[in-house]
Amino acid sequence: MTHIVSIQSHVAYGYVGNRAAVFPLQRLGLEVTAINTVQFSNHTGYGAFTGEVCSPEHLRDVLDGVEALTGLTDMQAVLSGYMGDEGIGRAVLESVRRVRLANPEALYCCDPVMGDVGRGFFVREGIPAWMRAHAVPSADIVTPNQFELAWLADREIVTLTDALEAAAALRTLGPRVVLVTSLNVTEAGGEEAEAGRIEMLVDTAAGSWRVATPLIEFATPPNGAGDFTAAMFLAHCLREGLSGEGPARALAATAGAVQALFEHTRRAGNRELALIGAQHDIVAPPLQVSAERLR
């Protein structure tokens, strides 16, 4: 059975971080060892919350216990999301090194959570530079949104060509696969993207592909969608492989799952992701998505 170590935040109520990743991964049939970087009552988007941030020593201690039991040899991948500070980041990369020492074939998927279009950065000063210098080069797969890709690649993204060049530039830092989790760009020649659609893009040395799905509007967009998307993409990459068209198939499967989750969330009328209601459609999405090859 495929086994993933997921190092992310945890909330008692709602679905972000590990709460947005672990259950969907399990529904896909993967075993997950979850290590929590925080334990909060709810995500910070509500404004008020309670709980504590875990120390880097806590993360190391938990992994020590897991390693004593399992040896880590059955771990095929590490998934990481929001890193509150550099200390947590260093502990995450140390965990990646330990898993790779036990299993040299293990993958590292880094969701470089830093900010978003229209919002800017929402992490502590210094985290973006640290992410670019340390976390991204250590990763096999990175899953930035358009804002994060532009900053990490140090270039403006307006057109599809810009996005492709930025993703290729990011791969020169070390990752084999770049998934851009939300994309809103103009086409070649300056044509506007089709209204009412949202795109995702995957770029590898073997090629680039994109998918477009109907845009679902929310009065209050739910948090945790990026955490869910990164988890789904990693799961499907583990099944499809990182070579050839494997990432394209993983992209299509991920897009279908995200669309299904958003449809359930819209119908539920809640600002939390409707993971429980969507669980069957996450495994077998009603909308069959095809990835378009770009190069």
# chains A, B, ... in the order shown; residues from 1 in each chain; ligands from 1
$ residues_around --residues "Val258 of chain A" --least-positions-apart "5" --cutoff "12 Å" --atoms "only C-alpha atoms" --output "MDAnalysis selection string"
chainID A and resid 20 24 181:182 198:200 211:216 224:233 251:253 263:265 273:275 278:279 281:289
$ residues_around --residues "Ile4 of chain A" --least-positions-apart "5" --cutoff "10 Å" --atoms "only C-alpha atoms" --output "PyMOL selection string"
chain A and resi 22+25+30-34+74-79+106-108+231+234-235+238
$ write_last_selection --atoms "N, CA, C and O atoms" --output "PDB file, in the first residue's frame"
ATOM      1  N   VAL A  22      -5.623  14.481   4.432  1.00  0.00           N
ATOM      2  CA  VAL A  22      -5.526  13.092   4.894  1.00  0.00           C
ATOM      3  C   VAL A  22      -6.732  12.258   4.488  1.00  0.00           C
ATOM      4  O   VAL A  22      -6.590  11.173   3.901  1.00  0.00           O
ATOM      5  N   LEU A  25      -6.856  11.467   0.742  1.00  0.00           N
ATOM      6  CA  LEU A  25      -5.815  10.490   0.405  1.00  0.00           C
ATOM      7  C   LEU A  25      -6.227   9.090   0.832  1.00  0.00           C
ATOM      8  O   LEU A  25      -6.019   8.104   0.104  1.00  0.00           O
ATOM      9  N   LEU A  30      -4.721   5.332  -0.010  1.00  0.00           N
ATOM     10  CA  LEU A  30      -3.350   5.527   0.452  1.00  0.00           C
ATOM     11  C   LEU A  30      -3.299   5.534   1.978  1.00  0.00           C
ATOM     12  O   LEU A  30      -4.238   5.990   2.641  1.00  0.00           O
ATOM     13  N   GLU A  31      -2.207   5.053   2.504  1.00  0.00           N
ATOM     14  CA  GLU A  31      -1.946   5.127   3.945  1.00  0.00           C
ATOM     15  C   GLU A  31      -1.253   6.464   4.211  1.00  0.00           C
ATOM     16  O   GLU A  31      -0.379   6.886   3.460  1.00  0.00           O
ATOM     17  N   VAL A  32      -1.661   7.143   5.287  1.00  0.00           N
ATOM     18  CA  VAL A  32      -1.104   8.458   5.586  1.00  0.00           C
ATOM     19  C   VAL A  32      -0.645   8.528   7.035  1.00  0.00           C
ATOM     20  O   VAL A  32      -1.401   8.206   7.952  1.00  0.00           O
ATOM     21  N   THR A  33       0.603   8.935   7.226  1.00  0.00           N
ATOM     22  CA  THR A  33       1.108   9.289   8.545  1.00  0.00           C
ATOM     23  C   THR A  33       1.083  10.808   8.628  1.00  0.00           C
ATOM     24  O   THR A  33       1.812  11.479   7.901  1.00  0.00           O
ATOM     25  N   ALA A  34       0.212  11.345   9.480  1.00  0.00           N
ATOM     26  CA  ALA A  34       0.017  12.796   9.571  1.00  0.00           C
ATOM     27  C   ALA A  34       0.804  13.353  10.748  1.00  0.00           C
ATOM     28  O   ALA A  34       0.652  12.892  11.884  1.00  0.00           O
ATOM     29  N   ASP A  74       8.844   2.110   4.317  1.00  0.00           N
ATOM     30  CA  ASP A  74       7.659   1.963   3.466  1.00  0.00           C
ATOM     31  C   ASP A  74       7.058   3.297   3.056  1.00  0.00           C
ATOM     32  O   ASP A  74       6.007   3.350   2.422  1.00  0.00           O
ATOM     33  N   MET A  75       7.721   4.397   3.380  1.00  0.00           N
ATOM     34  CA  MET A  75       7.204   5.717   3.022  1.00  0.00           C
ATOM     35  C   MET A  75       7.607   6.052   1.589  1.00  0.00           C
ATOM     36  O   MET A  75       8.787   6.112   1.268  1.00  0.00           O
ATOM     37  N   GLN A  76       6.618   6.291   0.743  1.00  0.00           N
ATOM     38  CA  GLN A  76       6.904   6.598  -0.664  1.00  0.00           C
ATOM     39  C   GLN A  76       6.941   8.088  -0.970  1.00  0.00           C
ATOM     40  O   GLN A  76       7.401   8.481  -2.048  1.00  0.00           O
ATOM     41  N   ALA A  77       6.453   8.909  -0.052  1.00  0.00           N
ATOM     42  CA  ALA A  77       6.427  10.352  -0.347  1.00  0.00           C
ATOM     43  C   ALA A  77       6.230  11.152   0.925  1.00  0.00           C
ATOM     44  O   ALA A  77       5.691  10.661   1.914  1.00  0.00           O
ATOM     45  N   VAL A  78       6.671  12.403   0.858  1.00  0.00           N
ATOM     46  CA  VAL A  78       6.409  13.395   1.903  1.00  0.00           C
ATOM     47  C   VAL A  78       5.671  14.551   1.248  1.00  0.00           C
ATOM     48  O   VAL A  78       6.032  15.003   0.156  1.00  0.00           O
ATOM     49  N   LEU A  79       4.616  15.020   1.917  1.00  0.00           N
ATOM     50  CA  LEU A  79       3.825  16.152   1.455  1.00  0.00           C
ATOM     51  C   LEU A  79       3.897  17.247   2.508  1.00  0.00           C
ATOM     52  O   LEU A  79       3.695  16.977   3.695  1.00  0.00           O
ATOM     53  N   ALA A 106      11.792   7.821  -2.511  1.00  0.00           N
ATOM     54  CA  ALA A 106      10.672   8.606  -1.986  1.00  0.00           C
ATOM     55  C   ALA A 106      10.634   9.989  -2.631  1.00  0.00           C
ATOM     56  O   ALA A 106      11.664  10.618  -2.861  1.00  0.00           O
ATOM     57  N   LEU A 107       9.423  10.457  -2.900  1.00  0.00           N
ATOM     58  CA  LEU A 107       9.209  11.764  -3.513  1.00  0.00           C
ATOM     59  C   LEU A 107       8.903  12.803  -2.435  1.00  0.00           C
ATOM     60  O   LEU A 107       8.383  12.478  -1.379  1.00  0.00           O
ATOM     61  N   TYR A 108       9.211  14.041  -2.751  1.00  0.00           N
ATOM     62  CA  TYR A 108       8.816  15.150  -1.892  1.00  0.00           C
ATOM     63  C   TYR A 108       7.972  16.111  -2.698  1.00  0.00           C
ATOM     64  O   TYR A 108       8.416  16.650  -3.723  1.00  0.00           O
ATOM     65  N   ALA A 231      -2.565  17.438  -2.424  1.00  0.00           N
ATOM     66  CA  ALA A 231      -2.662  16.048  -1.983  1.00  0.00           C
ATOM     67  C   ALA A 231      -3.151  15.135  -3.104  1.00  0.00           C
ATOM     68  O   ALA A 231      -2.610  14.043  -3.328  1.00  0.00           O
ATOM     69  N   LEU A 234      -0.387  14.713  -5.817  1.00  0.00           N
ATOM     70  CA  LEU A 234       0.664  13.795  -5.379  1.00  0.00           C
ATOM     71  C   LEU A 234       0.178  12.359  -5.453  1.00  0.00           C
ATOM     72  O   LEU A 234       0.902  11.467  -5.935  1.00  0.00           O
ATOM     73  N   ALA A 235      -1.029  12.095  -4.967  1.00  0.00           N
ATOM     74  CA  ALA A 235      -1.567  10.735  -4.991  1.00  0.00           C
ATOM     75  C   ALA A 235      -1.609  10.191  -6.412  1.00  0.00           C
ATOM     76  O   ALA A 235      -1.207   9.042  -6.676  1.00  0.00           O
ATOM     77  N   LEU A 238       1.855   9.478  -7.834  1.00  0.00           N
ATOM     78  CA  LEU A 238       2.406   8.224  -7.321  1.00  0.00           C
ATOM     79  C   LEU A 238       1.859   7.032  -8.107  1.00  0.00           C
ATOM     80  O   LEU A 238       2.553   6.028  -8.275  1.00  0.00           O
TER      81      LEU A 238
END
$ closest_atom_pairs --of "segment 63-133 of chain A" --to "segment 47-56 of chain A" --cutoff "12 Å" --atoms "only C-alpha atoms" --output "JSON lines"
{"residue": "A:Leu63", "atom": "CA", "partner": "A:Pro56", "partner_atom": "CA", "distance": 10.9}
{"residue": "A:Met83", "atom": "CA", "partner": "A:Val53", "partner_atom": "CA", "distance": 10.7}
{"residue": "A:Gly84", "atom": "CA", "partner": "A:Val53", "partner_atom": "CA", "distance": 8.5}
{"residue": "A:Asp85", "atom": "CA", "partner": "A:Pro56", "partner_atom": "CA", "distance": 9.6}
{"residue": "A:Glu86", "atom": "CA", "partner": "A:Pro56", "partner_atom": "CA", "distance": 9.4}
{"residue": "A:Gly87", "atom": "CA", "partner": "A:Pro56", "partner_atom": "CA", "distance": 6.0}
{"residue": "A:Ile88", "atom": "CA", "partner": "A:Pro56", "partner_atom": "CA", "distance": 5.1}
{"residue": "A:Gly89", "atom": "CA", "partner": "A:Pro56", "partner_atom": "CA", "distance": 8.4}
{"residue": "A:Arg90", "atom": "CA", "partner": "A:Pro56", "partner_atom": "CA", "distance": 8.0}
{"residue": "A:Ala91", "atom": "CA", "partner": "A:Pro56", "partner_atom": "CA", "distance": 5.6}
{"residue": "A:Val92", "atom": "CA", "partner": "A:Pro56", "partner_atom": "CA", "distance": 8.4}
{"residue": "A:Leu93", "atom": "CA", "partner": "A:Pro56", "partner_atom": "CA", "distance": 11.0}
{"residue": "A:Glu94", "atom": "CA", "partner": "A:Pro56", "partner_atom": "CA", "distance": 10.2}
{"residue": "A:Ser95", "atom": "CA", "partner": "A:Pro56", "partner_atom": "CA", "distance": 10.7}
$ residues_around --residues "Val142 of chain A" --least-positions-apart "2" --cutoff "6 Å" --atoms "only C-alpha atoms" --output "ChimeraX atom specification"
/A:109-111,178
$ closest_residue --among "A:Leu59, A:Leu173, A:Val158, A:Val99" --to "Ser138 of chain A" --atoms "only C-alpha atoms"
A:Leu173
$ select_by_dssp --residues "segment 99-129 of chain A" --states "helix (DSSP H, G or I)" --output "number ranges by chain"
A: 99-102, 127-129
$ residues_around --residues "Val66 of chain A" --least-positions-apart "5" --cutoff "10 Å" --atoms "only C-alpha atoms" --output "number ranges by chain"
A: 33, 35, 60-61, 71-72
$ atom_distance --atom1 "atom CA of Glu67 of chain A" --atom2 "atom CA of Leu101 of chain A"
11.6 Å
$ residues_around --residues "segment 128-132 of chain A" --least-positions-apart "6" --cutoff "9 Å" --atoms "only C-alpha atoms" --output "PyMOL selection string"
chain A and resi 86+89+112-114+121+148+151-153+173
$ write_last_selection --atoms "all heavy atoms" --output "PDB file, in the first residue's frame"
ATOM      1  N   GLU A  86      10.853  29.550   9.629  1.00  0.00           N
ATOM      2  CA  GLU A  86      11.979  28.808   9.067  1.00  0.00           C
ATOM      3  C   GLU A  86      12.326  27.584   9.906  1.00  0.00           C
ATOM      4  O   GLU A  86      12.792  26.578   9.377  1.00  0.00           O
ATOM      5  CB  GLU A  86      13.190  29.723   8.931  1.00  0.00           C
ATOM      6  CG  GLU A  86      13.031  30.792   7.855  1.00  0.00           C
ATOM      7  CD  GLU A  86      14.293  31.614   7.664  1.00  0.00           C
ATOM      8  OE1 GLU A  86      15.384  31.104   7.974  1.00  0.00           O
ATOM      9  OE2 GLU A  86      14.180  32.772   7.210  1.00  0.00           O
ATOM     10  N   GLY A  89      10.191  24.934   8.762  1.00  0.00           N
ATOM     11  CA  GLY A  89      10.654  24.560   7.429  1.00  0.00           C
ATOM     12  C   GLY A  89      11.873  23.664   7.477  1.00  0.00           C
ATOM     13  O   GLY A  89      11.960  22.669   6.751  1.00  0.00           O
ATOM     14  N   PRO A 112       4.186  25.351  -1.910  1.00  0.00           N
ATOM     15  CA  PRO A 112       4.884  26.527  -1.368  1.00  0.00           C
ATOM     16  C   PRO A 112       3.909  27.633  -0.979  1.00  0.00           C
ATOM     17  O   PRO A 112       3.831  28.687  -1.609  1.00  0.00           O
ATOM     18  CB  PRO A 112       5.790  26.946  -2.523  1.00  0.00           C
ATOM     19  CG  PRO A 112       5.010  26.563  -3.742  1.00  0.00           C
ATOM     20  CD  PRO A 112       4.267  25.295  -3.382  1.00  0.00           C
ATOM     21  N   VAL A 113       3.162  27.400   0.066  1.00  0.00           N
ATOM     22  CA  VAL A 113       2.104  28.326   0.497  1.00  0.00           C
ATOM     23  C   VAL A 113       2.724  29.640   0.967  1.00  0.00           C
ATOM     24  O   VAL A 113       3.469  29.662   1.950  1.00  0.00           O
ATOM     25  CB  VAL A 113       1.259  27.703   1.618  1.00  0.00           C
ATOM     26  CG1 VAL A 113       0.168  28.671   2.056  1.00  0.00           C
ATOM     27  CG2 VAL A 113       0.667  26.375   1.174  1.00  0.00           C
ATOM     28  N   MET A 114       2.425  30.723   0.267  1.00  0.00           N
ATOM     29  CA  MET A 114       2.999  32.027   0.610  1.00  0.00           C
ATOM     30  C   MET A 114       2.025  33.177   0.426  1.00  0.00           C
ATOM     31  O   MET A 114       2.057  34.152   1.167  1.00  0.00           O
ATOM     32  CB  MET A 114       4.245  32.296  -0.251  1.00  0.00           C
ATOM     33  CG  MET A 114       5.359  31.295  -0.097  1.00  0.00           C
ATOM     34  SD  MET A 114       6.816  31.766  -1.059  1.00  0.00           S
ATOM     35  CE  MET A 114       6.170  31.726  -2.727  1.00  0.00           C
ATOM     36  N   PHE A 121       1.379  38.522  -0.079  1.00  0.00           N
ATOM     37  CA  PHE A 121       1.940  37.551   0.859  1.00  0.00           C
ATOM     38  C   PHE A 121       1.154  37.564   2.165  1.00  0.00           C
ATOM     39  O   PHE A 121       0.746  38.622   2.658  1.00  0.00           O
ATOM     40  CB  PHE A 121       3.407  37.879   1.163  1.00  0.00           C
ATOM     41  CG  PHE A 121       4.339  37.601   0.023  1.00  0.00           C
ATOM     42  CD1 PHE A 121       4.965  38.640  -0.647  1.00  0.00           C
ATOM     43  CD2 PHE A 121       4.592  36.305  -0.375  1.00  0.00           C
ATOM     44  CE1 PHE A 121       5.824  38.387  -1.703  1.00  0.00           C
ATOM     45  CE2 PHE A 121       5.449  36.030  -1.434  1.00  0.00           C
ATOM     46  CZ  PHE A 121       6.064  37.081  -2.095  1.00  0.00           C
ATOM     47  N   GLU A 148       2.369  32.661  -6.509  1.00  0.00           N
ATOM     48  CA  GLU A 148       3.570  32.044  -5.953  1.00  0.00           C
ATOM     49  C   GLU A 148       4.562  31.668  -7.043  1.00  0.00           C
ATOM     50  O   GLU A 148       5.774  31.832  -6.878  1.00  0.00           O
ATOM     51  CB  GLU A 148       3.164  30.811  -5.123  1.00  0.00           C
ATOM     52  CG  GLU A 148       2.404  31.184  -3.870  1.00  0.00           C
ATOM     53  CD  GLU A 148       1.533  30.078  -3.319  1.00  0.00           C
ATOM     54  OE1 GLU A 148       1.313  29.064  -4.029  1.00  0.00           O
ATOM     55  OE2 GLU A 148       1.051  30.222  -2.182  1.00  0.00           O
ATOM     56  N   TRP A 151       6.459  34.798  -8.177  1.00  0.00           N
ATOM     57  CA  TRP A 151       7.490  35.249  -7.249  1.00  0.00           C
ATOM     58  C   TRP A 151       8.674  34.282  -7.237  1.00  0.00           C
ATOM     59  O   TRP A 151       9.828  34.716  -7.286  1.00  0.00           O
ATOM     60  CB  TRP A 151       6.929  35.377  -5.829  1.00  0.00           C
ATOM     61  CG  TRP A 151       7.871  36.134  -4.950  1.00  0.00           C
ATOM     62  CD1 TRP A 151       7.919  37.477  -4.755  1.00  0.00           C
ATOM     63  CD2 TRP A 151       8.972  35.580  -4.195  1.00  0.00           C
ATOM     64  NE1 TRP A 151       8.954  37.810  -3.923  1.00  0.00           N
ATOM     65  CE2 TRP A 151       9.614  36.670  -3.559  1.00  0.00           C
ATOM     66  CE3 TRP A 151       9.451  34.295  -3.988  1.00  0.00           C
ATOM     67  CZ2 TRP A 151      10.728  36.495  -2.745  1.00  0.00           C
ATOM     68  CZ3 TRP A 151      10.561  34.116  -3.170  1.00  0.00           C
ATOM     69  CH2 TRP A 151      11.186  35.200  -2.561  1.00  0.00           C
ATOM     70  N   LEU A 152       8.388  32.991  -7.197  1.00  0.00           N
ATOM     71  CA  LEU A 152       9.472  32.004  -7.136  1.00  0.00           C
ATOM     72  C   LEU A 152      10.342  32.046  -8.391  1.00  0.00           C
ATOM     73  O   LEU A 152      11.557  31.856  -8.322  1.00  0.00           O
ATOM     74  CB  LEU A 152       8.899  30.601  -6.941  1.00  0.00           C
ATOM     75  CG  LEU A 152       8.282  30.313  -5.577  1.00  0.00           C
ATOM     76  CD1 LEU A 152       7.502  29.004  -5.607  1.00  0.00           C
ATOM     77  CD2 LEU A 152       9.351  30.264  -4.486  1.00  0.00           C
ATOM     78  N   ALA A 153       9.713  32.279  -9.553  1.00  0.00           N
ATOM     79  CA  ALA A 153      10.456  32.325 -10.821  1.00  0.00           C
ATOM     80  C   ALA A 153      10.972  33.723 -11.135  1.00  0.00           C
ATOM     81  O   ALA A 153      11.698  33.907 -12.114  1.00  0.00           O
ATOM     82  CB  ALA A 153       9.571  31.837 -11.961  1.00  0.00           C
ATOM     83  N   LEU A 173      15.511  25.023 -10.720  1.00  0.00           N
ATOM     84  CA  LEU A 173      15.936  25.038  -9.318  1.00  0.00           C
ATOM     85  C   LEU A 173      15.993  23.640  -8.716  1.00  0.00           C
ATOM     86  O   LEU A 173      16.591  23.448  -7.659  1.00  0.00           O
ATOM     87  CB  LEU A 173      14.983  25.903  -8.484  1.00  0.00           C
ATOM     88  CG  LEU A 173      14.895  27.386  -8.856  1.00  0.00           C
ATOM     89  CD1 LEU A 173      13.921  28.095  -7.914  1.00  0.00           C
ATOM     90  CD2 LEU A 173      16.272  28.041  -8.796  1.00  0.00           C
TER      91      LEU A 173
END
